[in-house]
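To be precise, the following lines are target-v3.txt, and they hold compact mmCIF, C-alpha atoms.
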```
# COMPACT_ATOMS: atom_id res chain seq x y z
CA MET A 27 21.36 -3.33 -6.69
CA ARG A 28 20.87 -5.19 -9.96
CA PHE A 29 17.44 -6.30 -11.08
CA PRO A 30 16.90 -9.72 -12.73
CA GLY A 31 16.93 -9.68 -16.52
CA GLN A 32 13.48 -11.25 -16.71
CA LEU A 33 12.12 -8.29 -14.77
CA TRP A 34 13.34 -5.89 -17.45
CA ILE A 35 11.95 -8.06 -20.26
CA GLY A 36 8.60 -8.37 -18.53
CA ALA A 37 8.50 -4.65 -17.76
CA ALA A 38 9.20 -3.82 -21.41
CA LEU A 39 6.43 -6.10 -22.66
CA SER A 40 3.99 -4.78 -20.08
CA ALA A 41 4.93 -1.16 -20.82
CA VAL A 42 3.99 -1.59 -24.49
CA PHE A 43 0.41 -2.57 -23.68
CA VAL A 44 0.00 -0.21 -20.74
CA GLY A 45 1.31 2.59 -22.95
CA ALA A 46 -1.14 1.64 -25.70
CA ALA A 47 -3.99 1.71 -23.20
CA LEU A 48 -2.96 5.15 -21.91
CA VAL A 49 -2.55 6.57 -25.41
CA SER A 50 -6.00 5.27 -26.35
CA LEU A 51 -7.50 7.57 -23.72
CA VAL A 52 -6.59 10.58 -25.86
CA TRP A 53 -5.96 9.21 -29.36
CA VAL A 54 -6.67 6.23 -31.59
CA PRO A 55 -5.85 6.04 -35.31
CA PHE A 56 -9.47 5.27 -36.26
CA ALA A 57 -12.81 5.27 -34.46
CA VAL A 58 -13.47 1.82 -33.01
CA ASP A 59 -17.13 2.03 -34.02
CA GLY A 60 -16.30 3.09 -37.57
CA VAL A 61 -17.54 0.34 -39.93
CA GLU A 62 -16.17 0.22 -43.49
CA ILE A 63 -17.56 -2.81 -45.28
CA ALA A 64 -15.50 -2.01 -48.38
CA ALA A 65 -12.31 -2.31 -46.32
CA ARG A 66 -13.22 -5.47 -44.41
CA MET A 67 -10.53 -8.09 -43.61
CA GLN A 68 -7.72 -6.19 -45.28
CA PRO A 69 -4.21 -7.44 -44.41
CA PRO A 70 -1.71 -5.15 -42.67
CA SER A 71 -0.85 -2.13 -44.80
CA PRO A 72 0.46 1.42 -44.35
CA ALA A 73 -3.13 2.65 -44.00
CA HIS A 74 -3.98 -0.02 -41.42
CA PRO A 75 -0.75 -1.30 -39.81
CA LEU A 76 -2.49 -4.35 -38.30
CA GLY A 77 -5.17 -4.72 -40.94
CA THR A 78 -8.95 -4.56 -40.52
CA ASP A 79 -11.52 -6.95 -39.08
CA GLN A 80 -14.65 -8.50 -40.57
CA LEU A 81 -16.50 -5.18 -40.30
CA GLY A 82 -13.70 -3.04 -41.69
CA ARG A 83 -12.67 -1.66 -38.28
CA ASP A 84 -9.00 -0.86 -37.73
CA MET A 85 -7.34 -3.65 -35.73
CA LEU A 86 -4.74 -1.37 -34.13
CA ALA A 87 -7.43 0.93 -32.75
CA MET A 88 -9.45 -2.06 -31.51
CA LEU A 89 -6.41 -3.54 -29.74
CA MET A 90 -5.51 -0.22 -28.11
CA VAL A 91 -8.99 0.30 -26.68
CA GLY A 92 -9.21 -3.40 -25.82
CA ALA A 93 -6.00 -3.04 -23.79
CA ARG A 94 -7.64 -0.25 -21.83
CA THR A 95 -10.63 -2.46 -21.07
CA SER A 96 -8.56 -5.47 -20.01
CA ILE A 97 -6.14 -3.49 -17.85
CA ALA A 98 -8.90 -1.50 -16.15
CA VAL A 99 -10.85 -4.67 -15.30
CA ALA A 100 -7.73 -6.42 -13.97
CA ILE A 101 -6.54 -3.47 -11.88
CA VAL A 102 -9.89 -2.92 -10.15
CA ALA A 103 -10.43 -6.66 -9.64
CA VAL A 104 -6.99 -7.05 -8.04
CA GLY A 105 -7.68 -3.97 -5.91
CA ILE A 106 -10.92 -5.53 -4.66
CA GLY A 107 -9.19 -8.79 -3.85
CA MET A 108 -6.32 -7.11 -2.05
CA ALA A 109 -8.49 -4.64 -0.12
CA ALA A 110 -10.72 -7.41 1.24
CA GLY A 111 -8.38 -10.39 1.28
CA VAL A 112 -5.35 -8.92 3.04
CA PRO A 113 -7.25 -7.76 6.16
CA LEU A 114 -9.02 -11.12 6.36
CA GLY A 115 -5.71 -12.96 6.11
CA LEU A 116 -4.10 -10.78 8.77
CA LEU A 117 -7.08 -11.26 11.10
CA ALA A 118 -7.02 -15.01 10.58
CA ALA A 119 -3.29 -15.15 11.38
CA ALA A 120 -3.75 -12.97 14.45
CA HIS A 121 -6.43 -15.40 15.74
CA ARG A 122 -4.74 -18.60 14.63
CA GLY A 123 -6.70 -21.65 15.74
CA GLY A 124 -9.69 -19.54 16.77
CA LEU A 125 -13.18 -19.30 15.34
CA LEU A 126 -12.34 -16.37 13.03
CA ASP A 127 -9.38 -18.25 11.56
CA GLU A 128 -11.51 -21.32 10.91
CA VAL A 129 -14.31 -19.33 9.27
CA VAL A 130 -11.92 -17.45 6.96
CA MET A 131 -9.97 -20.53 5.91
CA ARG A 132 -13.03 -22.73 5.35
CA ALA A 133 -14.58 -19.97 3.23
CA ASN A 134 -11.33 -19.88 1.26
CA ASP A 135 -11.45 -23.64 0.76
CA LEU A 136 -15.02 -23.37 -0.51
CA VAL A 137 -14.06 -20.80 -3.14
CA PHE A 138 -10.94 -22.74 -4.18
CA ALA A 139 -13.06 -25.85 -4.72
CA PHE A 140 -14.26 -24.31 -7.98
CA PRO A 141 -12.08 -23.10 -10.88
CA ALA A 142 -11.76 -19.31 -11.04
CA LEU A 143 -13.29 -19.03 -14.51
CA VAL A 144 -16.26 -21.18 -13.53
CA ILE A 145 -16.98 -18.92 -10.55
CA ALA A 146 -16.68 -15.84 -12.75
CA ILE A 147 -19.05 -17.36 -15.33
CA LEU A 148 -21.59 -18.25 -12.63
CA ILE A 149 -21.52 -14.73 -11.17
CA THR A 150 -21.75 -12.90 -14.49
CA ALA A 151 -24.43 -15.27 -15.76
CA ALA A 152 -26.47 -14.61 -12.61
CA ILE A 153 -26.20 -10.80 -12.56
CA GLY A 154 -25.75 -10.15 -16.27
CA PRO A 155 -22.81 -9.65 -18.65
CA SER A 156 -20.89 -6.37 -18.44
CA ALA A 157 -17.40 -5.09 -17.70
CA LEU A 158 -18.51 -4.04 -14.20
CA ASN A 159 -19.83 -7.51 -13.41
CA ALA A 160 -16.65 -9.06 -14.79
CA ILE A 161 -14.68 -6.92 -12.34
CA LEU A 162 -16.87 -8.14 -9.49
CA ALA A 163 -16.56 -11.78 -10.53
CA ILE A 164 -12.76 -11.69 -10.86
CA GLY A 165 -12.42 -9.63 -7.68
CA VAL A 166 -14.43 -12.16 -5.64
CA PHE A 167 -12.02 -14.94 -6.56
CA ASN A 168 -9.01 -12.74 -5.74
CA ILE A 169 -10.17 -12.26 -2.14
CA PRO A 170 -9.29 -15.77 -0.88
CA VAL A 171 -6.04 -15.72 -2.84
CA PHE A 172 -4.78 -12.64 -1.03
CA ALA A 173 -6.25 -13.85 2.27
CA ARG A 174 -4.25 -17.08 2.05
CA VAL A 175 -1.04 -15.30 1.04
CA ALA A 176 -1.40 -12.72 3.82
CA ARG A 177 -2.19 -15.38 6.43
CA GLY A 178 0.72 -17.59 5.41
CA GLY A 179 3.18 -14.71 5.45
CA ALA A 180 1.87 -13.38 8.75
CA LEU A 181 2.03 -16.75 10.52
CA SER A 182 5.76 -16.97 9.82
CA LEU A 183 6.28 -13.62 11.57
CA TRP A 184 4.12 -13.97 14.68
CA THR A 185 6.79 -16.03 16.47
CA LEU A 186 9.67 -13.62 15.77
CA ASP A 187 11.30 -11.62 18.55
CA TYR A 188 10.17 -8.16 17.47
CA VAL A 189 6.54 -9.29 17.36
CA LEU A 190 6.87 -10.89 20.79
CA ALA A 191 8.41 -7.64 22.07
CA ALA A 192 5.44 -5.70 20.69
CA ARG A 193 3.05 -8.04 22.48
CA VAL A 194 4.98 -7.63 25.74
CA ALA A 195 4.76 -3.85 25.26
CA GLY A 196 0.98 -4.18 25.38
CA LYS A 197 0.11 -3.76 21.71
CA GLY A 198 -3.03 -5.51 20.53
CA ARG A 199 -3.24 -8.01 17.72
CA LEU A 200 -4.74 -5.58 15.23
CA ARG A 201 -2.10 -2.93 15.92
CA ILE A 202 0.71 -5.46 15.62
CA SER A 203 -0.75 -6.70 12.33
CA ALA A 204 -0.91 -3.17 10.93
CA GLU A 205 2.40 -1.84 12.25
CA HIS A 206 4.69 -4.87 12.19
CA ILE A 207 3.23 -7.68 10.11
CA LEU A 208 1.82 -5.91 7.07
CA PRO A 209 4.99 -3.95 6.17
CA ASN A 210 7.05 -7.15 6.34
CA ILE A 211 4.78 -9.15 4.02
CA ALA A 212 4.36 -6.31 1.52
CA ASN A 213 6.85 -7.96 -0.85
CA LEU A 214 4.74 -11.14 -0.94
CA LEU A 215 1.60 -9.13 -1.64
CA ILE A 216 3.26 -7.12 -4.42
CA VAL A 217 4.45 -10.25 -6.20
CA GLN A 218 1.06 -11.94 -5.79
CA GLY A 219 -0.68 -8.79 -7.00
CA THR A 220 1.38 -8.85 -10.20
CA ILE A 221 0.50 -12.50 -10.79
CA GLN A 222 -3.19 -11.91 -10.11
CA PHE A 223 -3.10 -8.93 -12.46
CA SER A 224 -1.99 -11.19 -15.31
CA LEU A 225 -4.62 -13.78 -14.36
CA GLY A 226 -7.22 -11.00 -14.26
CA ILE A 227 -6.44 -10.04 -17.85
CA LEU A 228 -6.70 -13.70 -18.85
CA ALA A 229 -9.99 -14.11 -16.97
CA GLU A 230 -11.45 -10.96 -18.56
CA ALA A 231 -10.51 -12.27 -21.99
CA GLY A 232 -12.13 -15.62 -21.18
CA LEU A 233 -15.35 -13.99 -19.99
CA SER A 234 -15.49 -11.75 -23.05
CA TYR A 235 -14.83 -14.75 -25.26
CA VAL A 236 -18.01 -16.43 -24.03
CA GLY A 237 -19.96 -13.16 -24.15
CA LEU A 238 -19.99 -12.40 -20.41
CA GLY A 239 -17.43 -9.59 -20.31
CA ALA A 240 -17.43 -6.11 -21.81
CA GLN A 241 -20.33 -5.73 -24.22
CA PRO A 242 -20.37 -4.16 -27.70
CA PRO A 243 -19.44 -1.61 -28.85
CA THR A 244 -16.63 -1.62 -26.24
CA PRO A 245 -13.71 -3.57 -27.79
CA SER A 246 -12.35 -6.56 -25.86
CA TRP A 247 -9.50 -8.89 -26.77
CA GLY A 248 -11.51 -11.97 -25.81
CA ARG A 249 -14.52 -11.01 -27.89
CA MET A 250 -12.24 -10.13 -30.83
CA LEU A 251 -10.95 -13.71 -30.68
CA ALA A 252 -14.47 -15.12 -30.46
CA GLU A 253 -15.66 -13.11 -33.45
CA SER A 254 -12.65 -14.07 -35.57
CA GLN A 255 -12.46 -17.81 -34.90
CA THR A 256 -14.42 -18.67 -38.07
CA LEU A 257 -12.29 -16.32 -40.19
CA ILE A 258 -8.83 -17.74 -39.51
CA ALA A 259 -8.55 -19.31 -42.96
CA LEU A 260 -9.69 -16.11 -44.72
CA ALA A 261 -7.94 -13.47 -42.60
CA PRO A 262 -5.58 -15.01 -40.03
CA HIS A 263 -4.44 -11.60 -38.79
CA VAL A 264 -7.91 -10.95 -37.33
CA ALA A 265 -7.33 -13.72 -34.76
CA LEU A 266 -3.53 -13.52 -34.60
CA PHE A 267 -3.14 -10.02 -33.21
CA PRO A 268 -5.62 -10.18 -30.28
CA GLY A 269 -4.24 -13.61 -29.39
CA LEU A 270 -0.69 -12.27 -29.39
CA ALA A 271 -1.78 -9.29 -27.30
CA ILE A 272 -3.19 -11.59 -24.61
CA VAL A 273 -0.18 -13.95 -24.65
CA LEU A 274 2.47 -11.23 -24.57
CA THR A 275 0.73 -9.18 -21.88
CA VAL A 276 0.26 -12.19 -19.60
CA LEU A 277 3.84 -13.33 -20.30
CA GLY A 278 5.21 -9.88 -19.52
CA LEU A 279 3.32 -9.60 -16.24
CA ASN A 280 4.38 -13.10 -15.17
CA LEU A 281 8.01 -12.23 -15.91
CA VAL A 282 7.61 -9.08 -13.82
CA GLY A 283 6.17 -11.16 -10.99
CA ASP A 284 9.01 -13.69 -11.16
CA GLY A 285 11.60 -10.93 -11.34
CA LEU A 286 10.11 -9.09 -8.36
CA ARG A 287 10.06 -12.32 -6.37
CA ASP A 288 13.73 -12.95 -7.11
CA HIS A 289 14.62 -9.35 -6.27
CA LEU A 290 12.55 -8.94 -3.12
CA ASP A 291 13.19 -12.33 -1.54
CA PRO A 292 16.55 -12.12 0.29
CA ARG A 293 16.93 -15.91 0.25
CA LEU A 294 16.79 -15.99 -3.54
CA ARG A 295 19.19 -13.03 -3.77
CA ARG A 296 21.74 -14.88 -1.68
CA ILE A 297 21.38 -17.99 -3.85
CA GLY A 298 21.85 -15.86 -7.00
```
Spell out the structure here as structure tokens.
Amino acid sequence: MRFPGQLWIGAALSAVFVGAALVSLVWVPFAVDGVEIAARMQPPSPAHPLGTDQLGRDMLAMLMVGARTSIAVAIVAVGIGMAAGVPLGLLAAAHRGGLLDEVVMRANDLVFAFPALVIAILITAAIGPSALNAILAIGVFNIPVFARVARGGALSLWTLDYVLAARVAGKGRLRISAEHILPNIANLLIVQGTIQFSLGILAEAGLSYVGLGAQPPTPSWGRMLAESQTLIALAPHVALFPGLAIVLTVLGLNLVGDGLRDHLDPRLRRIG
């Protein structure tokens, strides 16, 4: 079975940054806390392939470790959202029209009334800036997203014959949700997880940009942009490379999400 071309392009872009993050666990070309004032704001060269920043730190090393920070925050935040949101969505669908359904959906509406970044800023401002608190803030917003996706997918299945047969066989709502509903909405959750992963990276960069994400000396793409915004005229590469890293990573993950949707949705495969 052929995969959409955009899926391969997105996977290639994503693999570059995931690979850089993994490599940074065991090796970086220069120490990210190594300050060399004499080498500050140097353009790309054989010694420093992506140049140096305003403190003389190697940009390549900073981007590699920054990728590790962004990806780790996004993965854990998406995991929190999926672990809490999917069960809530399945429970709401299983009790459609009941009190539990109303409580879950009204709580979702309350969260969706505020932009995701505003919620994340409020949470991190209240409990303090750090990578851990950024994970919590992004994860909280992901919960209603996955709850809504799970509920919507589950509702379309509760009227199908095999679910009705399971109910006639005496299976309870929770068992039906776990054994019959969840496996059949897994494709929706995978695609949504990919999209939320890209949004998580963007949210982490936004929080770090305003000083509410990972704190120094841990490198972060968003903070690299914030620190370089006054230096664009003097050393444009200092802002260009972290900005490109964010754009290309988010683009790659969105292409993966679109490609997975086209591949996993049988209706779109038939149209193609």
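Atom CA of A:Gln32 to atom CA of A:Leu281 spans 5.6 Å [interatomic distance, one decimal].
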Give me the residues of stretch 237-263 of chain A that have any atom at most 10 Å from an atom of stretch 60-73 of chain A; for each, the nearest atom pair and the distance in Å, rounded to one decimal. Use all atoms listed in the file, sort by chain and number, and format it as CSV.
```
residue,atom,partner,partner_atom,distance
A:Leu257,CA,A:Met67,CA,9.1
A:Leu260,CA,A:Met67,CA,8.1
A:Ala261,CA,A:Met67,CA,6.1
A:Pro262,CA,A:Pro69,CA,8.9
A:His263,CA,A:Pro69,CA,7.0
```
Which residue gives the smallest distance to A:Val44 among A:His121, A:Arg83, A:His74, A:Arg94, with all atoms listed in the file counted?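 The closest residue to A:Val44 is A:Arg94.
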Near-A:Gln255 list (12 Å; all atoms listed in the file; drop same-chain fewer than 6 positions) as a list in words: Asp79, Gln80, Tyr235, Gly248, Arg249, Ala261, Pro262, His263, Val264, Ala265, Leu266, Pro268 and Gly269 of chain A
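Closest to A:Phe140 among A:Phe167, A:Arg177, A:Leu114, A:His206 is A:Phe167, based on only C-alpha atoms.
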To one decimal place, how far is atom CA of A:Ala142 from atom CA of A:Ser182 in Å?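 That distance, rounded to one decimal, is 27.3 Å.
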Please provide the set of residues having any atom within 8 Å of A:Met88, restricted to only C-alpha atoms, with same-chain residues fewer than 3 positions apart removed, written as a list in words.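 Once the adjacent positions are removed, what remains is Val58, Arg83, Asp84, Met85, Val91, Gly92, Pro245 and Ser246 of chain A.
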Neighbouring residues of stretch 185-198 of chain A were defined as those with any atom within 10 Å, considering all atoms listed in the file; residues of the same chain fewer than 6 positions away were excluded. Please report them as a list of chain:residue names.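 Residues meeting the cut-off are A:Ala120, A:Glu205, A:His206, A:Ile207.
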Any chance you could turn stretch 181-195 of chain A into a file with all heavy atoms, as a short mmCIF file (atom, residue, chain, number, x, y, z; two decimals), in the first residue's frame?
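result_24.cif, freshly written:
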```
data_model
loop_
_atom_site.label_atom_id
_atom_site.label_comp_id
_atom_site.auth_asym_id
_atom_site.auth_seq_id
_atom_site.Cartn_x
_atom_site.Cartn_y
_atom_site.Cartn_z
N LEU A 181 -19.07 8.40 19.13
CA LEU A 181 -20.51 8.55 18.88
C LEU A 181 -20.91 7.97 17.53
O LEU A 181 -22.01 7.44 17.37
CB LEU A 181 -20.90 10.03 18.95
CG LEU A 181 -20.94 10.66 20.34
CD1 LEU A 181 -21.29 12.13 20.24
CD2 LEU A 181 -21.94 9.93 21.23
N SER A 182 -20.01 8.08 16.55
CA SER A 182 -20.34 7.55 15.21
C SER A 182 -20.33 6.03 15.18
O SER A 182 -20.80 5.43 14.20
CB SER A 182 -19.34 8.10 14.18
OG SER A 182 -18.03 7.61 14.44
N LEU A 183 -19.79 5.40 16.22
CA LEU A 183 -19.69 3.94 16.23
C LEU A 183 -20.74 3.27 17.12
O LEU A 183 -21.02 2.08 16.95
CB LEU A 183 -18.30 3.52 16.72
CG LEU A 183 -17.10 3.99 15.89
CD1 LEU A 183 -15.80 3.51 16.52
CD2 LEU A 183 -17.20 3.50 14.45
N TRP A 184 -21.31 4.03 18.06
CA TRP A 184 -22.21 3.41 19.03
C TRP A 184 -23.49 2.87 18.39
O TRP A 184 -24.17 2.03 18.98
CB TRP A 184 -22.56 4.40 20.14
CG TRP A 184 -21.61 4.32 21.30
CD1 TRP A 184 -20.55 5.12 21.55
CD2 TRP A 184 -21.63 3.35 22.35
NE1 TRP A 184 -19.89 4.73 22.68
CE2 TRP A 184 -20.53 3.64 23.20
CE3 TRP A 184 -22.45 2.27 22.66
CZ2 TRP A 184 -20.25 2.89 24.33
CZ3 TRP A 184 -22.16 1.52 23.80
CH2 TRP A 184 -21.08 1.83 24.61
N THR A 185 -23.84 3.33 17.21
CA THR A 185 -25.06 2.85 16.55
C THR A 185 -24.79 1.73 15.54
O THR A 185 -25.74 1.26 14.90
CB THR A 185 -25.75 4.02 15.82
OG1 THR A 185 -24.84 4.60 14.87
CG2 THR A 185 -26.18 5.10 16.81
N LEU A 186 -23.54 1.31 15.39
CA LEU A 186 -23.21 0.27 14.42
C LEU A 186 -23.61 -1.11 14.94
O LEU A 186 -23.74 -1.33 16.14
CB LEU A 186 -21.73 0.30 14.09
CG LEU A 186 -21.22 1.60 13.42
CD1 LEU A 186 -19.75 1.48 13.07
CD2 LEU A 186 -22.05 1.94 12.17
N ASP A 187 -23.75 -2.04 14.02
CA ASP A 187 -24.29 -3.37 14.36
C ASP A 187 -23.41 -4.12 15.35
O ASP A 187 -23.92 -4.76 16.27
CB ASP A 187 -24.46 -4.20 13.08
CG ASP A 187 -25.57 -3.67 12.20
OD1 ASP A 187 -26.41 -2.91 12.71
OD2 ASP A 187 -25.60 -4.01 11.00
N TYR A 188 -22.08 -4.07 15.17
CA TYR A 188 -21.23 -4.86 16.06
C TYR A 188 -21.25 -4.33 17.49
O TYR A 188 -21.09 -5.09 18.45
CB TYR A 188 -19.80 -4.95 15.52
CG TYR A 188 -19.01 -3.67 15.57
CD1 TYR A 188 -18.24 -3.34 16.69
CD2 TYR A 188 -18.98 -2.80 14.49
CE1 TYR A 188 -17.49 -2.18 16.73
CE2 TYR A 188 -18.24 -1.64 14.51
CZ TYR A 188 -17.50 -1.33 15.64
OH TYR A 188 -16.76 -0.18 15.67
N VAL A 189 -21.47 -3.02 17.65
CA VAL A 189 -21.60 -2.47 19.00
C VAL A 189 -22.94 -2.87 19.60
O VAL A 189 -23.03 -3.23 20.79
CB VAL A 189 -21.45 -0.93 18.97
CG1 VAL A 189 -21.70 -0.35 20.36
CG2 VAL A 189 -20.06 -0.55 18.49
N LEU A 190 -23.99 -2.84 18.79
CA LEU A 190 -25.30 -3.28 19.27
C LEU A 190 -25.27 -4.76 19.65
O LEU A 190 -25.88 -5.17 20.65
CB LEU A 190 -26.36 -3.03 18.19
CG LEU A 190 -26.62 -1.56 17.84
CD1 LEU A 190 -27.63 -1.47 16.69
CD2 LEU A 190 -27.13 -0.80 19.05
N ALA A 191 -24.54 -5.57 18.86
CA ALA A 191 -24.41 -7.00 19.19
C ALA A 191 -23.68 -7.19 20.51
O ALA A 191 -24.04 -8.06 21.32
CB ALA A 191 -23.68 -7.72 18.08
N ALA A 192 -22.67 -6.36 20.77
CA ALA A 192 -21.94 -6.45 22.04
C ALA A 192 -22.85 -6.08 23.21
O ALA A 192 -22.77 -6.69 24.29
CB ALA A 192 -20.72 -5.54 21.99
N ARG A 193 -23.70 -5.10 23.01
CA ARG A 193 -24.63 -4.71 24.08
C ARG A 193 -25.65 -5.83 24.35
O ARG A 193 -25.98 -6.11 25.50
CB ARG A 193 -25.34 -3.42 23.70
CG ARG A 193 -24.40 -2.22 23.54
CD ARG A 193 -25.14 -0.97 23.18
NE ARG A 193 -26.00 -0.52 24.28
CZ ARG A 193 -26.75 0.59 24.23
NH1 ARG A 193 -26.73 1.34 23.14
NH2 ARG A 193 -27.48 0.93 25.26
N VAL A 194 -26.12 -6.45 23.26
CA VAL A 194 -27.06 -7.56 23.43
C VAL A 194 -26.40 -8.72 24.16
O VAL A 194 -27.04 -9.43 24.95
CB VAL A 194 -27.60 -8.02 22.05
CG1 VAL A 194 -28.39 -9.32 22.18
CG2 VAL A 194 -28.45 -6.92 21.43
N ALA A 195 -25.08 -8.91 23.91
CA ALA A 195 -24.36 -9.99 24.57
C ALA A 195 -24.13 -9.72 26.06
O ALA A 195 -23.58 -10.57 26.77
CB ALA A 195 -23.02 -10.24 23.87
#
```
